[in-house]
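Peer 1: Dropping in coords02.cif, which is mmCIF, C-alpha atoms:
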```cif
data_start
#
loop_
_atom_site.label_atom_id
_atom_site.label_comp_id
_atom_site.auth_asym_id
_atom_site.auth_seq_id
_atom_site.Cartn_x
_atom_site.Cartn_y
_atom_site.Cartn_z
CA MET I 1 -24.08 -93.96 205.82
CA SER I 2 -20.88 -93.04 207.58
CA GLY I 3 -19.24 -90.60 205.20
CA PRO I 4 -18.77 -89.32 201.66
CA GLY I 5 -19.26 -92.01 199.07
CA ALA I 6 -21.30 -94.20 201.42
CA GLN I 7 -24.48 -93.63 199.46
CA ARG I 8 -25.33 -93.37 195.78
CA CYS I 9 -26.03 -90.09 194.02
CA ARG I 10 -29.67 -89.11 194.38
CA GLY I 11 -29.75 -88.24 190.69
CA CYS I 12 -27.70 -90.64 188.59
CA GLY I 13 -27.05 -93.42 191.11
CA SER I 14 -23.25 -93.19 190.95
CA ARG I 15 -21.09 -93.64 194.04
CA PRO I 16 -18.16 -91.23 193.56
CA LEU I 17 -19.47 -88.45 195.82
CA ILE I 18 -17.29 -85.62 197.11
CA ARG I 19 -17.92 -84.09 200.54
CA VAL I 20 -17.91 -80.31 199.96
CA LEU I 21 -19.58 -78.98 203.13
CA ASP I 22 -19.91 -80.54 206.56
CA LEU I 23 -21.73 -78.76 209.38
CA GLY I 24 -21.42 -81.67 211.78
CA LYS I 25 -24.64 -82.40 213.64
CA ALA I 26 -27.44 -79.85 213.83
CA PRO I 27 -31.05 -79.74 215.03
CA ALA I 28 -33.64 -80.63 212.40
CA ALA I 29 -34.30 -77.51 210.35
CA ASP I 30 -38.07 -77.94 210.30
CA ASP I 31 -38.73 -79.13 213.85
CA PHE I 32 -39.77 -76.15 215.99
CA PRO I 33 -40.55 -77.35 219.54
CA MET I 34 -43.03 -75.53 221.74
CA PHE I 35 -41.35 -72.81 223.79
CA ASP I 36 -40.22 -73.93 227.23
CA PRO I 37 -39.41 -71.04 229.62
CA ALA I 38 -37.41 -73.48 231.74
CA GLY I 39 -34.76 -73.94 229.07
CA VAL I 40 -33.79 -75.62 225.83
CA GLY I 41 -34.93 -79.11 226.79
CA VAL I 42 -33.64 -82.22 225.05
CA VAL I 43 -31.83 -81.35 221.84
CA THR I 44 -31.65 -83.99 219.13
CA THR I 45 -29.12 -83.36 216.39
CA HIS I 46 -28.63 -84.93 212.99
CA PRO I 47 -25.77 -85.05 210.45
CA LEU I 48 -25.86 -82.12 208.03
CA ALA I 49 -23.52 -82.26 205.04
CA MET I 50 -23.45 -81.63 201.30
CA ASP I 51 -21.96 -84.00 198.72
CA LEU I 52 -21.23 -83.37 195.06
CA CYS I 53 -21.51 -86.14 192.46
CA ARG I 54 -18.37 -86.56 190.35
CA ASP I 55 -20.39 -87.96 187.44
CA CYS I 56 -23.46 -85.69 187.11
CA ASP I 57 -22.37 -82.68 189.25
CA LEU I 58 -25.52 -82.76 191.39
CA ALA I 59 -24.99 -81.15 194.80
CA GLN I 60 -27.09 -82.96 197.37
CA LEU I 61 -27.89 -83.49 201.02
CA ALA I 62 -25.62 -86.33 202.11
CA GLU I 63 -28.15 -87.96 204.44
CA ASP I 64 -31.29 -87.11 206.36
CA ASP I 65 -32.63 -89.13 209.27
CA THR I 66 -35.07 -86.44 210.43
CA VAL I 67 -38.81 -87.08 210.65
CA THR I 68 -40.52 -83.78 211.32
CA ALA I 69 -43.53 -81.69 210.34
CA GLU I 70 -42.62 -78.09 209.63
CA PRO I 71 -45.19 -75.46 210.67
CA ARG I 72 -46.38 -73.84 207.47
CA GLY I 73 -44.73 -70.51 206.76
CA VAL I 74 -46.22 -67.34 205.34
CA GLU I 75 -45.31 -66.72 201.70
CA PRO I 76 -43.16 -63.58 201.53
CA GLN I 77 -44.28 -60.69 199.34
CA ALA I 78 -40.97 -60.95 197.46
CA LEU I 79 -41.85 -64.51 196.42
CA ARG I 80 -45.35 -63.48 195.29
CA ASP I 81 -43.94 -60.59 193.27
CA GLN I 82 -41.35 -62.81 191.64
CA ALA I 83 -43.96 -65.42 190.71
CA ARG I 84 -46.02 -62.84 188.83
CA ASP I 85 -42.90 -61.51 187.13
CA ALA I 86 -41.95 -65.04 186.10
CA VAL I 87 -45.35 -65.83 184.62
CA ASP I 88 -45.31 -62.53 182.73
CA ARG I 89 -41.89 -63.32 181.27
CA VAL I 90 -42.89 -66.83 180.23
CA ALA I 91 -46.02 -65.46 178.57
CA ALA I 92 -43.99 -62.79 176.77
CA ALA I 93 -41.82 -65.59 175.36
CA GLY I 94 -44.92 -67.17 173.80
CA LEU I 95 -44.94 -70.23 176.04
CA LEU I 96 -48.34 -69.55 177.65
CA PRO I 97 -50.89 -69.30 174.83
CA GLY I 98 -53.71 -69.89 177.34
CA GLY I 99 -56.85 -71.97 177.32
CA GLY I 100 -55.20 -75.23 178.36
CA THR I 101 -54.57 -77.16 181.54
CA VAL I 102 -52.07 -76.67 184.35
CA ARG I 103 -50.67 -78.96 187.02
CA GLU I 104 -48.50 -77.88 189.94
CA PHE I 105 -45.98 -79.76 192.06
CA GLY I 106 -46.11 -77.72 195.23
CA SER I 107 -43.47 -76.74 197.75
CA PRO I 108 -43.83 -77.23 201.52
CA HIS I 109 -42.85 -73.58 201.90
CA GLY I 110 -46.22 -72.50 200.55
CA GLY I 111 -47.26 -70.32 197.66
CA SER I 112 -48.79 -71.31 194.35
CA TRP I 113 -48.68 -70.18 190.73
CA LEU I 114 -52.12 -71.64 189.98
CA PRO I 115 -54.05 -68.37 190.52
CA LEU I 116 -51.68 -66.60 188.13
CA LEU I 117 -52.25 -69.23 185.46
CA THR I 118 -56.00 -69.53 185.92
CA GLU I 119 -56.09 -65.78 185.27
CA ARG I 120 -54.69 -66.63 181.85
CA GLY I 121 -57.35 -69.24 181.11
CA TYR I 122 -55.70 -72.41 182.39
CA ALA I 123 -57.70 -75.03 184.28
CA ALA I 124 -56.05 -77.01 187.07
CA THR I 125 -55.81 -80.77 186.59
CA ALA I 126 -54.23 -83.79 188.25
CA GLU I 127 -53.58 -85.38 184.85
CA ALA I 128 -50.95 -84.66 182.21
CA ALA I 129 -51.13 -80.94 181.52
CA ASP I 130 -50.17 -78.31 178.97
CA VAL I 131 -48.26 -76.42 181.66
CA VAL I 132 -46.56 -78.07 184.63
CA VAL I 133 -45.20 -75.86 187.41
CA ASP I 134 -42.57 -76.71 190.00
CA CYS I 135 -41.38 -73.73 192.06
CA PHE I 136 -38.82 -74.91 194.65
CA GLY I 137 -40.68 -78.22 194.94
CA ILE I 138 -38.41 -80.83 193.38
CA MET I 139 -35.50 -80.11 195.71
CA HIS I 140 -37.56 -81.68 198.51
CA GLU I 141 -37.60 -85.09 196.78
CA PRO I 142 -35.09 -87.59 198.23
CA ALA I 143 -35.13 -89.74 195.07
CA GLN I 144 -34.25 -87.18 192.42
CA ASP I 145 -34.31 -89.63 189.51
CA ILE I 146 -37.87 -90.67 190.31
CA ALA I 147 -38.98 -87.06 190.83
CA PHE I 148 -37.78 -85.94 187.40
CA HIS I 149 -39.52 -88.85 185.71
CA GLU I 150 -42.73 -87.90 187.56
CA ARG I 151 -42.49 -84.39 186.10
CA HIS I 152 -41.93 -85.87 182.66
CA ARG I 153 -45.09 -87.97 182.93
CA ALA I 154 -47.05 -84.91 184.06
CA ILE I 155 -46.31 -82.97 180.86
CA GLY I 156 -48.74 -83.31 177.95
CA PRO I 157 -47.28 -84.34 174.56
CA GLU I 158 -46.67 -80.71 173.55
CA GLY I 159 -46.64 -79.22 177.04
CA VAL I 160 -44.04 -77.27 178.98
CA LEU I 161 -42.49 -77.71 182.43
CA LEU I 162 -41.67 -74.52 184.33
CA LEU I 163 -39.14 -75.43 187.00
CA GLN I 164 -37.61 -72.86 189.33
CA PHE I 165 -34.64 -73.47 191.62
CA HIS I 166 -32.24 -71.66 193.91
CA SER I 167 -29.03 -71.51 191.90
CA LEU I 168 -26.01 -73.36 193.29
CA ALA I 169 -23.86 -70.74 191.57
CA ALA I 170 -25.56 -67.99 193.59
CA ILE I 171 -25.25 -70.03 196.79
CA VAL I 172 -21.50 -70.35 196.22
CA ALA I 173 -20.91 -66.80 194.99
CA GLN I 174 -22.64 -65.31 198.03
CA GLY I 175 -21.48 -67.86 200.60
CA GLN I 176 -25.05 -68.96 201.34
CA TRP I 177 -23.90 -72.09 203.14
CA ASN I 178 -27.03 -72.17 205.28
CA ALA I 179 -29.09 -72.98 202.21
CA LEU I 180 -28.04 -76.51 203.21
CA ARG I 181 -30.73 -77.93 205.44
CA HIS I 182 -32.54 -81.12 206.27
CA GLY I 183 -35.36 -81.81 203.83
CA HIS I 184 -33.61 -80.02 200.95
CA PHE I 185 -32.14 -82.93 199.02
CA ALA I 186 -30.71 -81.24 195.90
CA TYR I 187 -28.98 -77.98 195.01
CA TYR I 188 -28.85 -77.41 191.27
CA SER I 189 -26.43 -75.82 188.90
CA LEU I 190 -28.05 -75.40 185.51
CA SER I 191 -25.56 -77.90 184.06
CA ALA I 192 -26.60 -80.54 186.61
CA LEU I 193 -30.28 -79.77 186.04
CA LEU I 194 -29.91 -80.19 182.27
CA GLU I 195 -28.45 -83.65 182.86
CA ARG I 196 -31.33 -84.64 185.12
CA LEU I 197 -33.85 -83.38 182.55
CA ARG I 198 -32.09 -85.25 179.75
CA ALA I 199 -32.03 -88.48 181.75
CA ALA I 200 -35.79 -88.17 182.30
CA GLY I 201 -36.57 -87.50 178.63
CA MET I 202 -36.78 -83.71 178.67
CA VAL I 203 -34.94 -80.80 177.08
CA ALA I 204 -34.55 -77.27 178.46
CA VAL I 205 -35.50 -74.61 175.92
CA ARG I 206 -35.18 -71.36 177.83
CA ALA I 207 -33.93 -69.93 181.13
CA TRP I 208 -34.68 -66.78 183.11
CA GLU I 209 -32.73 -65.39 186.07
CA PHE I 210 -34.16 -63.60 189.11
CA ASP I 211 -32.66 -61.87 192.14
CA LEU I 212 -34.87 -63.78 194.61
CA TYR I 213 -32.84 -65.48 197.38
CA GLY I 214 -29.70 -64.00 195.87
CA GLY I 215 -30.16 -65.82 192.58
CA THR I 216 -32.81 -68.17 191.23
CA VAL I 217 -33.26 -69.65 187.78
CA LEU I 218 -36.49 -70.59 186.03
CA VAL I 219 -36.19 -73.16 183.26
CA ALA I 220 -38.77 -74.03 180.61
CA ALA I 221 -38.44 -77.64 179.48
CA ALA I 222 -40.35 -79.93 177.13
CA ARG I 223 -40.55 -83.59 176.28
CA THR I 224 -37.74 -84.79 174.02
CA GLY I 225 -39.10 -84.97 170.46
CA SER I 226 -41.88 -82.42 170.96
CA ARG I 227 -42.11 -79.38 168.69
CA LEU I 228 -40.89 -77.12 171.48
CA ALA I 229 -37.92 -79.37 172.24
CA GLU I 230 -36.95 -79.42 168.56
CA SER I 231 -37.02 -75.63 168.26
CA GLU I 232 -33.82 -73.57 168.08
CA PRO I 233 -32.18 -73.44 171.56
CA ASP I 234 -32.46 -70.04 173.20
CA ALA I 235 -29.22 -68.18 173.97
CA SER I 236 -30.31 -67.82 177.60
CA ILE I 237 -29.29 -71.42 178.35
CA ALA I 238 -25.72 -70.92 177.14
CA ARG I 239 -25.51 -67.57 178.93
CA VAL I 240 -26.37 -69.05 182.34
CA LEU I 241 -24.08 -72.04 181.80
CA ALA I 242 -21.13 -69.79 180.99
CA ALA I 243 -21.72 -67.56 184.02
CA GLU I 244 -22.02 -70.44 186.48
CA ALA I 245 -19.11 -72.55 185.20
CA PRO I 246 -16.36 -71.19 187.52
CA LEU I 247 -18.69 -71.25 190.53
CA VAL I 248 -19.85 -74.87 190.52
CA THR I 249 -16.55 -76.74 190.46
CA PRO I 250 -15.78 -78.94 193.49
CA ASP I 251 -13.11 -76.52 194.70
CA ALA I 252 -15.48 -73.54 194.40
CA VAL I 253 -18.31 -75.31 196.22
CA ARG I 254 -15.88 -76.30 199.00
CA GLY I 255 -15.57 -72.58 199.69
CA LEU I 256 -18.92 -72.84 201.47
CA GLN I 257 -17.12 -74.49 204.40
CA HIS I 258 -14.99 -71.40 204.95
CA ALA I 259 -18.06 -69.18 204.61
CA ALA I 260 -19.91 -71.22 207.25
CA ASP I 261 -17.08 -71.09 209.76
CA ARG I 262 -16.49 -67.36 209.22
CA ARG I 263 -20.18 -66.45 209.44
CA ALA I 264 -20.69 -68.41 212.67
CA ARG I 265 -17.68 -66.75 214.31
CA ALA I 266 -18.81 -63.31 213.13
CA LEU I 267 -22.35 -63.73 214.45
CA ARG I 268 -21.20 -64.98 217.84
CA SER I 269 -18.64 -62.17 218.17
CA TRP I 270 -21.18 -59.50 217.17
CA LEU I 271 -23.87 -60.75 219.54
CA GLU I 272 -21.41 -60.90 222.43
CA ALA I 273 -20.28 -57.35 221.70
CA GLU I 274 -23.87 -56.12 221.54
CA ALA I 275 -24.69 -57.84 224.84
CA ALA I 276 -21.61 -56.34 226.49
CA ALA I 277 -22.76 -52.90 225.31
CA GLY I 278 -26.22 -53.44 226.85
CA GLN I 279 -27.99 -53.69 223.49
CA ARG I 280 -31.14 -55.83 223.26
CA VAL I 281 -30.98 -57.89 220.07
CA TYR I 282 -33.85 -59.78 218.46
CA ALA I 283 -34.12 -61.45 215.06
CA TYR I 284 -36.82 -61.58 212.43
CA GLY I 285 -37.54 -64.69 210.39
CA ALA I 286 -37.76 -68.14 211.99
CA ALA I 287 -36.61 -69.57 208.69
CA SER I 288 -35.17 -73.04 208.35
CA ARG I 289 -31.92 -71.52 207.07
CA ALA I 290 -31.48 -69.75 210.43
CA VAL I 291 -31.49 -73.01 212.41
CA ALA I 292 -28.00 -74.17 211.39
CA LEU I 293 -26.60 -70.65 211.72
CA LEU I 294 -27.78 -70.16 215.31
CA HIS I 295 -26.67 -73.66 216.27
CA LEU I 296 -23.24 -73.36 214.66
CA ALA I 297 -22.67 -69.99 216.33
CA GLY I 298 -23.79 -71.32 219.73
CA VAL I 299 -26.47 -68.62 220.06
CA HIS I 300 -28.74 -68.75 223.10
CA ARG I 301 -31.39 -66.67 224.85
CA GLY I 302 -28.77 -64.61 226.62
CA LEU I 303 -27.53 -63.29 223.29
CA LEU I 304 -30.72 -63.23 221.22
CA ALA I 305 -33.91 -62.42 223.11
CA GLY I 306 -36.38 -63.72 220.53
CA VAL I 307 -37.10 -64.36 216.87
CA ALA I 308 -40.22 -62.81 215.35
CA ASP I 309 -42.10 -64.53 212.55
CA ALA I 310 -45.34 -63.81 210.74
CA SER I 311 -46.38 -67.47 210.69
CA PRO I 312 -48.98 -68.19 213.41
CA GLY I 313 -47.87 -71.83 213.26
CA LYS I 314 -44.39 -70.91 214.48
CA GLN I 315 -45.34 -68.37 217.13
CA GLY I 316 -45.18 -69.83 220.65
CA ARG I 317 -42.49 -72.25 219.59
CA GLN I 318 -38.71 -71.94 219.86
CA MET I 319 -35.76 -72.04 217.49
CA PRO I 320 -34.48 -75.64 217.53
CA GLY I 321 -31.63 -76.31 219.93
CA THR I 322 -31.43 -72.77 221.33
CA GLY I 323 -34.37 -72.13 223.65
CA ILE I 324 -34.95 -68.80 221.84
CA PRO I 325 -38.69 -68.07 221.66
CA ILE I 326 -40.49 -67.36 218.39
CA ILE I 327 -42.80 -64.39 218.84
CA ALA I 328 -45.32 -62.44 216.80
CA PRO I 329 -44.10 -59.34 214.94
CA ALA I 330 -46.33 -57.16 217.12
CA ASP I 331 -44.50 -58.47 220.19
CA LEU I 332 -41.19 -57.59 218.55
CA VAL I 333 -42.30 -54.00 218.03
CA ALA I 334 -43.57 -53.81 221.61
CA ALA I 335 -40.22 -55.08 222.93
CA ARG I 336 -38.49 -51.97 221.52
CA PRO I 337 -35.31 -53.80 220.49
CA ASP I 338 -32.04 -52.01 219.83
CA ARG I 339 -31.14 -54.29 216.91
CA VAL I 340 -33.12 -56.72 214.74
CA LEU I 341 -31.13 -59.29 212.81
CA LEU I 342 -32.95 -60.14 209.56
CA THR I 343 -32.33 -63.81 208.76
CA VAL I 344 -33.84 -63.60 205.24
CA PRO I 345 -32.58 -60.45 203.47
CA ASP I 346 -35.28 -60.71 200.77
CA LEU I 347 -37.81 -59.67 203.41
CA LEU I 348 -36.24 -56.26 204.04
CA GLY I 349 -38.55 -54.20 201.83
CA GLU I 350 -41.64 -55.94 203.18
CA VAL I 351 -40.77 -55.66 206.88
CA ARG I 352 -39.61 -52.05 206.61
CA ALA I 353 -42.91 -51.07 205.05
CA ARG I 354 -45.00 -53.06 207.50
CA TRP I 355 -43.25 -52.06 210.74
CA PRO I 356 -41.91 -48.52 210.34
CA GLY I 357 -41.32 -48.33 214.09
CA LEU I 358 -38.32 -50.61 213.59
CA GLU I 359 -36.66 -48.34 211.04
CA GLY I 360 -32.95 -48.00 211.67
CA LYS I 361 -32.80 -51.19 213.74
CA TRP I 362 -32.54 -53.76 210.92
CA VAL I 363 -29.22 -55.62 210.58
CA ILE I 364 -28.48 -57.65 207.45
CA ASP I 365 -24.75 -58.33 207.69
CA VAL I 366 -22.74 -58.53 210.88
CA PRO I 367 -19.09 -57.42 210.78
CA ASP I 368 -16.26 -59.90 210.74
CA PRO I 369 -14.51 -60.22 214.12
CA PRO I 370 -11.25 -58.29 214.47
#
```
Represent the supplied structure as structure tokens.
Peer 2:
Amino acid sequence: MSGPGAQRCRGCGSRPLIRVLDLGKAPAADDFPMFDPAGVGVVTTHPLAMDLCRDCDLAQLAEDDTVTAEPRGVEPQALRDQARDAVDRVAAAGLLPGGGTVREFGSPHGGSWLPLLTERGYAATAEAADVVVDCFGIMHEPAQDIAFHERHRAIGPEGVLLLQFHSLAAIVAQGQWNALRHGHFAYYSLSALLERLRAAGMVAVRAWEFDLYGGTVLVAAARTGSRLAESEPDASIARVLAAEAPLVTPDAVRGLQHAADRRARALRSWLEAEAAAGQRVYAYGAASRAVALLHLAGVHRGLLAGVADASPGKQGRQMPGTGIPIIAPADLVAARPDRVLLTVPDLLGEVRARWPGLEGKWVIDVPDPP
């Protein structure tokens, strides 16, 4: 697969794909080598680019030749809070009468809605269920067409699928170019998601929006022909479609390339200025989205002393391609840093409450270079 159009769309199978973001070659986003004090070691890089399908509008990872096993992360409090909020909203809409069965398609990033639904009387099953949950799971499926048909088969005749995704419109609006990563095969606009649901025999009946990750959407869908699918469409679907329309065109999505280049230059410039001023800078959050950013900016141990993370599975390792060690949060506090770059802004409330000794040191946005 040498370039745009070389492969078929992961959703509809068409070939007319448009290259909208190309980050060149980057380390695998979920391969965290053990820390080597002697240096970076051998760095293996892989193509990292986003294509957009001309036919079905699905944004997708162009190719992925990585074979890695990501250390399991710790579910952020913001994600747990949003999950409860989501279940409460779905219940308030009358879509969770209780007393049935639930099946979940999990995400490798951890977390589960099953406890929230068992609280409401649902019993977990591996068969077709009354409620099927997919929270950030389906984007990890290379064959999107097959994945949507699997979700269809998992729904009982009158059941509901609750599918949550990071909105492509939010990614574009906020320049979140580093949402692109190996292992994330699809990036959905609601319009593209509706087409994938339709092709798999499902209809979306309602949508909810959340601030998580800068903008996520939860969709309730049902089997075509079911009572729920035949009900009057909720205005929430049209509302989200109208809001996202100007943000998910090919030209708009191409703006992510400019955002990537600008962000990398800004980070490098800021870190160099901090180092020149004698400031000791660390980061918090060894998230996969930080891998491409650090690599693109050419960040190394001389500019960033360490990255703290709450996941025991990541501690003692290093950020791919940089030689920067991943440390425990307690070690970050003990290091008494001058600045702490937060790689996942959603964590700000949680980390401020948990480590008050770092108050005033958190950095979310770095300034553009002069």
Peer 1: Provide the atom CA of Arg265 of chain I to atom CA of Thr216 of chain I distance in Å, to one decimal place.
Peer 2: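 Atom-to-atom, atom CA of Arg265 of chain I and atom CA of Thr216 of chain I are spaced 27.6 Å apart.
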Peer 1: From the set I:Met50, I:Ala275, I:Cys12, I:Ala260, which residue has the shortest atom-to-atom contact distance to Ala199 of chain I, counting all atoms listed in the file?
Peer 2: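 Of the candidates, the smallest distance to Ala199 of chain I is held by I:Cys12.
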Peer 1: Determine, counting only C-alpha atoms, which protein, DNA and RNA residues have an atom within 9 Å of an atom of Gly106 of chain I; residues of the same chain fewer than 6 positions away are not included. Present the result as a list in words.
Peer 2: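 Residues meeting the cut-off are Ser112, Val133, Asp134, Cys135, Phe136, Gly137 and Ile138 of chain I.
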Peer 1: Evaluate the PyMOL selection byres ((chain I and resi 259) around 12) on the structure here and hand back the selected residues as a VMD selection string.
Peer 2: chain I and resid 21 to 23 171 to 179 252 to 258 260 to 266 293 368
Peer 1: Please define a box with edges along x, y and z of the file around all atoms of segment 121-130 of chain I given in the file, extend it by 6 Å on each side, and return its centre and edge lengths in Å to one decimal, as JSON.
Peer 2:
```
{"center_x": -53.9, "center_y": -77.3, "center_z": 183.6, "size_x": 19.5, "size_y": 28.1, "size_z": 21.3}
```
Peer 1: Counting all atoms listed in the file, I want the residues whose atoms come within 7 Å of (-30.3, -72.2, 217.6) in the file frame, returned as a PyMOL selection string.
Peer 2: chain I and resi 291-292+294-295+298-300+319-322
Peer 1: Which residue gives the smallest distance to Gly313 of chain I among I:Glu230, I:Glu272, I:Glu350, I:Asp30, with only C-alpha atoms counted?
Peer 2: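 Once distances to Gly313 of chain I are computed over only C-alpha atoms, the minimum belongs to I:Asp30.
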Peer 1: Tell me which of I:Pro345, I:Gly214, I:Pro115, I:Gly201 sits closest to His166 of chain I, counting only C-alpha atoms.
Peer 2: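 Checking each of I:Pro345, I:Gly214, I:Pro115, I:Gly201 against His166 of chain I, counting only C-alpha atoms, the winner is I:Gly214.
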Peer 1: Could you state the separation of atom CA of Ala170 of chain I and atom CA of Leu341 of chain I in Å, given to one decimal place?
Peer 2: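 Atom-to-atom, atom CA of Ala170 of chain I and atom CA of Leu341 of chain I are spaced 21.8 Å apart.
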Peer 1: Evaluate the PyMOL selection byres ((chain I and resi 158) around 9) on the structure here and hand back the selected residues as a PyMOL selection string.
Peer 2: chain I and resi 130+155-157+159-160+222-223+226-229
Peer 1: What does the PyMOL selection byres ((chain I and resi 241) around 12) select in this file, as a VMD selection string?
Peer 2: chain I and resid 167 to 169 188 to 194 206 to 209 217 235 to 240 242 to 248
Peer 1: With C-alpha atoms retained, could you export that selection as a PDB file, in the frame of the given file?
Peer 2:
```pdb
ATOM      1  CA  SER I 167     -29.030 -71.510 191.900  1.00  0.00           C
ATOM      2  CA  LEU I 168     -26.010 -73.360 193.290  1.00  0.00           C
ATOM      3  CA  ALA I 169     -23.860 -70.740 191.570  1.00  0.00           C
ATOM      4  CA  TYR I 188     -28.850 -77.410 191.270  1.00  0.00           C
ATOM      5  CA  SER I 189     -26.430 -75.820 188.900  1.00  0.00           C
ATOM      6  CA  LEU I 190     -28.050 -75.400 185.510  1.00  0.00           C
ATOM      7  CA  SER I 191     -25.560 -77.900 184.060  1.00  0.00           C
ATOM      8  CA  ALA I 192     -26.600 -80.540 186.610  1.00  0.00           C
ATOM      9  CA  LEU I 193     -30.280 -79.770 186.040  1.00  0.00           C
ATOM     10  CA  LEU I 194     -29.910 -80.190 182.270  1.00  0.00           C
ATOM     11  CA  ARG I 206     -35.180 -71.360 177.830  1.00  0.00           C
ATOM     12  CA  ALA I 207     -33.930 -69.930 181.130  1.00  0.00           C
ATOM     13  CA  TRP I 208     -34.680 -66.780 183.110  1.00  0.00           C
ATOM     14  CA  GLU I 209     -32.730 -65.390 186.070  1.00  0.00           C
ATOM     15  CA  VAL I 217     -33.260 -69.650 187.780  1.00  0.00           C
ATOM     16  CA  ALA I 235     -29.220 -68.180 173.970  1.00  0.00           C
ATOM     17  CA  SER I 236     -30.310 -67.820 177.600  1.00  0.00           C
ATOM     18  CA  ILE I 237     -29.290 -71.420 178.350  1.00  0.00           C
ATOM     19  CA  ALA I 238     -25.720 -70.920 177.140  1.00  0.00           C
ATOM     20  CA  ARG I 239     -25.510 -67.570 178.930  1.00  0.00           C
ATOM     21  CA  VAL I 240     -26.370 -69.050 182.340  1.00  0.00           C
ATOM     22  CA  ALA I 242     -21.130 -69.790 180.990  1.00  0.00           C
ATOM     23  CA  ALA I 243     -21.720 -67.560 184.020  1.00  0.00           C
ATOM     24  CA  GLU I 244     -22.020 -70.440 186.480  1.00  0.00           C
ATOM     25  CA  ALA I 245     -19.110 -72.550 185.200  1.00  0.00           C
ATOM     26  CA  PRO I 246     -16.360 -71.190 187.520  1.00  0.00           C
ATOM     27  CA  LEU I 247     -18.690 -71.250 190.530  1.00  0.00           C
ATOM     28  CA  VAL I 248     -19.850 -74.870 190.520  1.00  0.00           C
TER      29      VAL I 248
END
```
Peer 1: With distances taken over only C-alpha atoms, which of I:Asp145, I:Leu304, I:Phe210, I:Trp270 is nearest to Gln318 of chain I?
Peer 2: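 Using only C-alpha atoms, Gln318 of chain I sits closest to I:Leu304.
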Peer 1: Could you check which of I:Val102, I:Val333, I:Val366, I:Ala273 is closest to Thr118 of chain I, using all atoms listed in the file?
Peer 2: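 Residue with the minimum atom-to-atom distance to Thr118 of chain I: I:Val102.
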Peer 1: In Å to one decimal, how far is atom CA of Arg317 of chain I from atom CA of Ala62 of chain I?
Peer 2: 28.1 Å
Peer 1: Excluding same-chain residues fewer than 6 positions from Arg181 of chain I, what lies within 9 Å of it counting only C-alpha atoms, as a list in words?
Peer 2: Ala28, Ala29, Asp30, Leu48, Ala49, Leu61, Ser288, Arg289, Val291 and Ala292 of chain I
Peer 1: Excluding Val340 of chain I and residues on its chain fewer than 6 positions from it, collect all residues at most 10 Å away from it, counting all atoms listed in the file, and give them as a list of chain:residue names.
Peer 2: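 The contact residues come out as I:Arg280, I:Val281, I:Tyr282, I:Ala283, I:Tyr284, I:Leu304, I:Gly306, I:Val307, I:Ala308, I:Leu332, I:Leu358, I:Glu359, I:Gly360, I:Lys361, I:Trp362, I:Val363, I:Ile364.
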Peer 1: Determine the nearest neighbour of Asp85 of chain I from the options I:Leu212, I:Leu180, I:Ala310, I:Val203, counting only C-alpha atoms.
Peer 2: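 Of the candidates, the smallest distance to Asp85 of chain I is held by I:Leu212.
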